[in-house]
Amino acid sequence: MLRSSSIQMERVITSSSSASIPPIADLSSPNHHHHLPLVLHRLESCKSMQELKQIHASVIKSRPLQTQLVFSKILSFCALSPFGDLHYARSLFRSIQTPNQHIYNTIIRGFSNSSKILEESLFFYREMLDYGFLPDNFTLPFLLKACARLRAIREGKAIHVHAVKTGLESDVYVKNTLMRLYAVCGEIDAVQRLFDKTPQRDLVSWTTLISGYAKMGFPKEAIRVFLEMGDANLIADEVTIVVVLSACSKLGDLDLGWRIHRYIDENKVRLDVFVGNALVDMYLKCGDVEFAYKLFEEMPERNIVSWNSIISGLVQQGEFKEALVMFRRMQAKGLEPDDVTLVGVLNSCANLGALELGKWVHLYVGRNRIKADGFIGNALVDMYAKCGSIDQALEVFSSMQCKDVYSYTAMIVGFAMHGKGERALSLFSEMSRVGIKPDEVTFVGVLSACSHVGLVDEGRRHFEDMSRLYHLHPQIEHYGCMVDLLGRAGLLEEAEEFIRSMPIRPDAFIWGALLGACRIHGKVKLGERIANHLLELEPERDGAYVLMSNIYASASRWRDVLKVRKEMKMRKVKKTPGCSMIELDGVVHEFRMGDKSHPRAREIYMMLDEVIQRLKNEGYVAQTTNVLLDVAEEEKEHALCRHSERLAIAFGLISTSPQTPLRVVKNLRVCNDCHTVTKFISKVYEREIVVRDRNRFHHFRGGLCSCNDFW
DNA sequence: GTAGGGTTAG
């Protein structure tokens, strides 16, 4: 570590005029039949260390005129070329008796470019100062760039002091690298202060400032600075535009995106591959998927980032199947995915329940030495958990070297979804023990864990701890979890009181959670009141109607059920169609309620009939109270039979060998009757069945479900 | 011989 005092700036600065000037290298060599231009020419075309060593040897032997200059050139090659060798550079440097400033800068630059530690470049820097040289406008940017790369803010600040003392702070290169240092270390105010301090600023300074704001999570500020830049009569170039576009992506502001696109056209900013990628990303993040596709197709040049941008953008828009289609297209072109691609693919798998493909990615990562760092590891944990393989998720999680808040949260949310509330909570305490701070999302996991297993007191305590101990502000999701927790536990009055005391306006999810609790506990009166709140907030959606009609049906109030149905018709409210997915041999099959479009639909429905017959023999009786209609019991039963998860399960039964576990993902909540049916199937057909509904997992085995019928 | 760029997580 560099201590500011260890660099004797005072001595250097005050005594620089009288500092001992190193003797000049031996210019008068007796033996100079080697032509200097020839050596320099050979160096220019040099492509390997082997070749370089030959040149070096011949120079030592023949000692041409200006040996120092030639050594300097050789050093540049060793220290800076991709074919170079820093060890060789170091010993070569040591062989130069009296290095000049340029030579010092070269060795410092060499080590600051590639070394994982700062020590080495700082060592040469100190030596240079001891020699009586002052840092110049080249020295400091080299050092500062290394500090930025290694996030070494302490050392960087010490260098900053030198910049001030030497007056180099106002050099635009020094200033820009200083700004970048503070930006990557998160000190955005320091960046702005440096920018404001002196009038020496160019397009790079503006771009660095904009990028700093964008990366620190202040995209609005970034755009503000961009507009100011226009007022100062500067025109953005490709680099500035890329940064501005990424700020716009973060804002998700399509109007702004169009304005920037127009700016690009009007100012003839070149559409290089960076700008193209940034545009594709911006259109996706701002929601114009079609235009993003169009741009992508028209791009004259595409690289891996272009593909990653479109894949991750689609994932972010919830277009998981499309994302996988693009991934396949990319593979068909012979392009190898990198870690960023695979994170997007894993995310799609997680959402589609595509376990087979997810496993393939896991293998691919292992085989191809893909950087299995935080991003990939966390995405794997999430994928396994969301695909129903909680044990695999835990295995990946346990094997991870560096776990962060994302890893812990993924695992906690995973446990919560699988109804393993105690595991989730014990992992949460482990997290605090090892000193990883939870954030808002962690608490969503913790609170939903409590809710799924009915740990009311635990939940209340964690909710309070959130602000008291961790200084996190509860958001609407956290209030939602609490309403859910209290409501399910039957504490409906407390839940309603809780909603009244919320500092945020309750949204549809909050009222929906309470209404759901009314359904579980058969509270008709309260339900009616809540349903009205919900209908005010979203009259066009079916949630309130469906829950209300279920509540009436449970109370056998068929006339009210009919009224709700009429009203739905009158207001043209469409029911969200139930949809279930099952993956077989890497292909995701999708079923809607009553779907007959599947090629094997006939077999599937025949299987379903057979299943129901067998279950009835085993004592199953259909529970029809959750069906909307007041129609003959038989017909209701028929409606139930067509629920999408049953189609998916029947398809799984006829398409896989006995005892293969079935994994189904459903977009809505599982209804009571389907839950019972699935329990029966797991026993009668001896199948493990894992169903993920919109809230959580149900592991069916031997006639029982992991949720203990509490969901 | 110096500086600013796009894509990734719960």
# chains A, B, ... in the order shown; residues from 1 in each chain; ligands from 1

call {"tool": "closest_atom_pairs", "arguments": {"of": "chain A", "to": "chain B", "cutoff": "6 Å", "atoms": "only C-alpha atoms (C1' of nucleotides)", "output": "Markdown table"}}
result
| residue | atom | partner | partner_atom | distance |
| --- | --- | --- | --- | --- |
| A:Phe138 | CA | B:DT2 | C1' | 4.9 |
| A:Tyr173 | CA | B:DA3 | C1' | 5.2 |
| A:Asn176 | CA | B:DA3 | C1' | 5.5 |
| A:Thr177 | CA | B:DA3 | C1' | 5.7 |
| A:Val204 | CA | B:DG4 | C1' | 4.6 |
| A:Thr207 | CA | B:DG4 | C1' | 5.3 |
| A:Thr208 | CA | B:DG4 | C1' | 5.1 |
| A:Val239 | CA | B:DG5 | C1' | 4.6 |
| A:Val242 | CA | B:DG5 | C1' | 5.7 |
| A:Phe274 | CA | B:DG6 | C1' | 5.1 |
| A:Asn277 | CA | B:DG6 | C1' | 5.5 |
| A:Ala278 | CA | B:DG6 | C1' | 5.0 |
| A:Val305 | CA | B:DT7 | C1' | 5.2 |
| A:Asn308 | CA | B:DT7 | C1' | 5.1 |
| A:Ser309 | CA | B:DT7 | C1' | 4.6 |
| A:Val340 | CA | B:DT8 | C1' | 4.6 |
| A:Val343 | CA | B:DT8 | C1' | 5.8 |
| A:Phe375 | CA | B:DA9 | C1' | 5.3 |
| A:Asn378 | CA | B:DA9 | C1' | 6.0 |
| A:Ala379 | CA | B:DA9 | C1' | 5.9 |
| A:Tyr406 | CA | B:DG10 | C1' | 4.7 |
| A:Thr409 | CA | B:DG10 | C1' | 5.0 |
| A:Ala410 | CA | B:DG10 | C1' | 4.5 |

call {"tool": "residues_around", "arguments": {"residues": "Gly374 (chain A)", "least_positions_apart": "5", "cutoff": "8 Å", "atoms": "only C-alpha atoms (C1' of nucleotides)", "output": "list in words"}}
result
Cys402, Lys403, Asp404 and Ser407 of chain A; DA9 of chain B

call {"tool": "write_last_selection", "arguments": {"atoms": "N, CA, C and O atoms (P, O5', C5', C4', C3', O3' and C1' of nucleotides)", "output": "tab-separated table (two decimals), in the first residue's frame"}}
result
chain	number	residue	atom	x	y	z
A	402	CYS	N	-17.40	-17.18	-3.72
A	402	CYS	CA	-17.74	-15.83	-3.27
A	402	CYS	C	-19.24	-15.64	-3.33
A	402	CYS	O	-19.79	-15.45	-4.40
A	403	LYS	N	-19.88	-15.70	-2.20
A	403	LYS	CA	-21.32	-15.47	-2.18
A	403	LYS	C	-21.58	-14.02	-1.82
A	403	LYS	O	-20.95	-13.47	-0.93
A	404	ASP	N	-22.51	-13.42	-2.53
A	404	ASP	CA	-22.86	-12.04	-2.21
A	404	ASP	C	-24.35	-11.95	-1.89
A	404	ASP	O	-25.03	-12.96	-1.78
A	407	SER	N	-26.53	-13.92	-4.24
A	407	SER	CA	-26.54	-15.37	-4.07
A	407	SER	C	-27.47	-15.75	-2.91
A	407	SER	O	-28.31	-16.64	-3.04
B	9	DA	P	-29.52	-8.77	-15.38
B	9	DA	O5'	-29.48	-9.84	-14.22
B	9	DA	C5'	-29.28	-11.22	-14.50
B	9	DA	C4'	-29.25	-11.94	-13.18
B	9	DA	C3'	-30.32	-11.45	-12.22
B	9	DA	O3'	-31.28	-12.49	-12.12
B	9	DA	C1'	-28.14	-11.46	-11.18

call {"tool": "residues_around", "arguments": {"residues": "Pro82 (chain A)", "least_positions_apart": "2", "cutoff": "12 Å", "atoms": "only C-alpha atoms (C1' of nucleotides)", "output": "ChimeraX atom specification"}}
result
/A:46-49,76-80,84-86,110,113-114

call {"tool": "select_by_dssp", "arguments": {"residues": "region 285-515 of chain A", "states": "helix (DSSP H, G or I)", "output": "ChimeraX atom specification"}}
result
/A:285,289-298,304-316,320-332,339-352,355-367,374-386,390-399,405-417,421-433,440-453,456-468,476-488,492-500,508-515

call {"tool": "atom_distance", "arguments": {"atom1": "CA of Phe710 (chain A)", "atom2": "CA of Glu395 (chain A)"}}
result
27.2 Å

call {"tool": "atom_distance", "arguments": {"atom1": "CA of Asp484 (chain A)", "atom2": "CA of Glu540 (chain A)"}}
result
23.1 Å

call {"tool": "atom_distance", "arguments": {"atom1": "CA of Gln317 (chain A)", "atom2": "CA of Leu363 (chain A)"}}
result
26.9 Å

call {"tool": "residues_around", "arguments": {"residues": "region 344-357 of chain A", "least_positions_apart": "2", "cutoff": "9 Å", "atoms": "only C-alpha atoms (C1' of nucleotides)", "output": "ChimeraX atom specification"}}
result
/A:308,311-316,318-321,323-324,327,339-342,359-362,376,379-380,382-389,581-588,663-665,692 /B:8-9

call {"tool": "closest_residue", "arguments": {"among": "A:Trp711, A:Tyr283, A:Tyr88, A:Phe133", "to": "His261 (chain A)", "atoms": "only C-alpha atoms"}}
result
A:Tyr283

call {"tool": "residues_around", "arguments": {"residues": "Val690 (chain A)", "least_positions_apart": "3", "cutoff": "12 Å", "atoms": "only C-alpha atoms (C1' of nucleotides)", "output": "PyMOL selection string"}}
result
chain A and resi 353+355+385-390+417-418+581-582+645+648-649+652+660-666+675+678-679+681-682+687+693+696-701+704-707
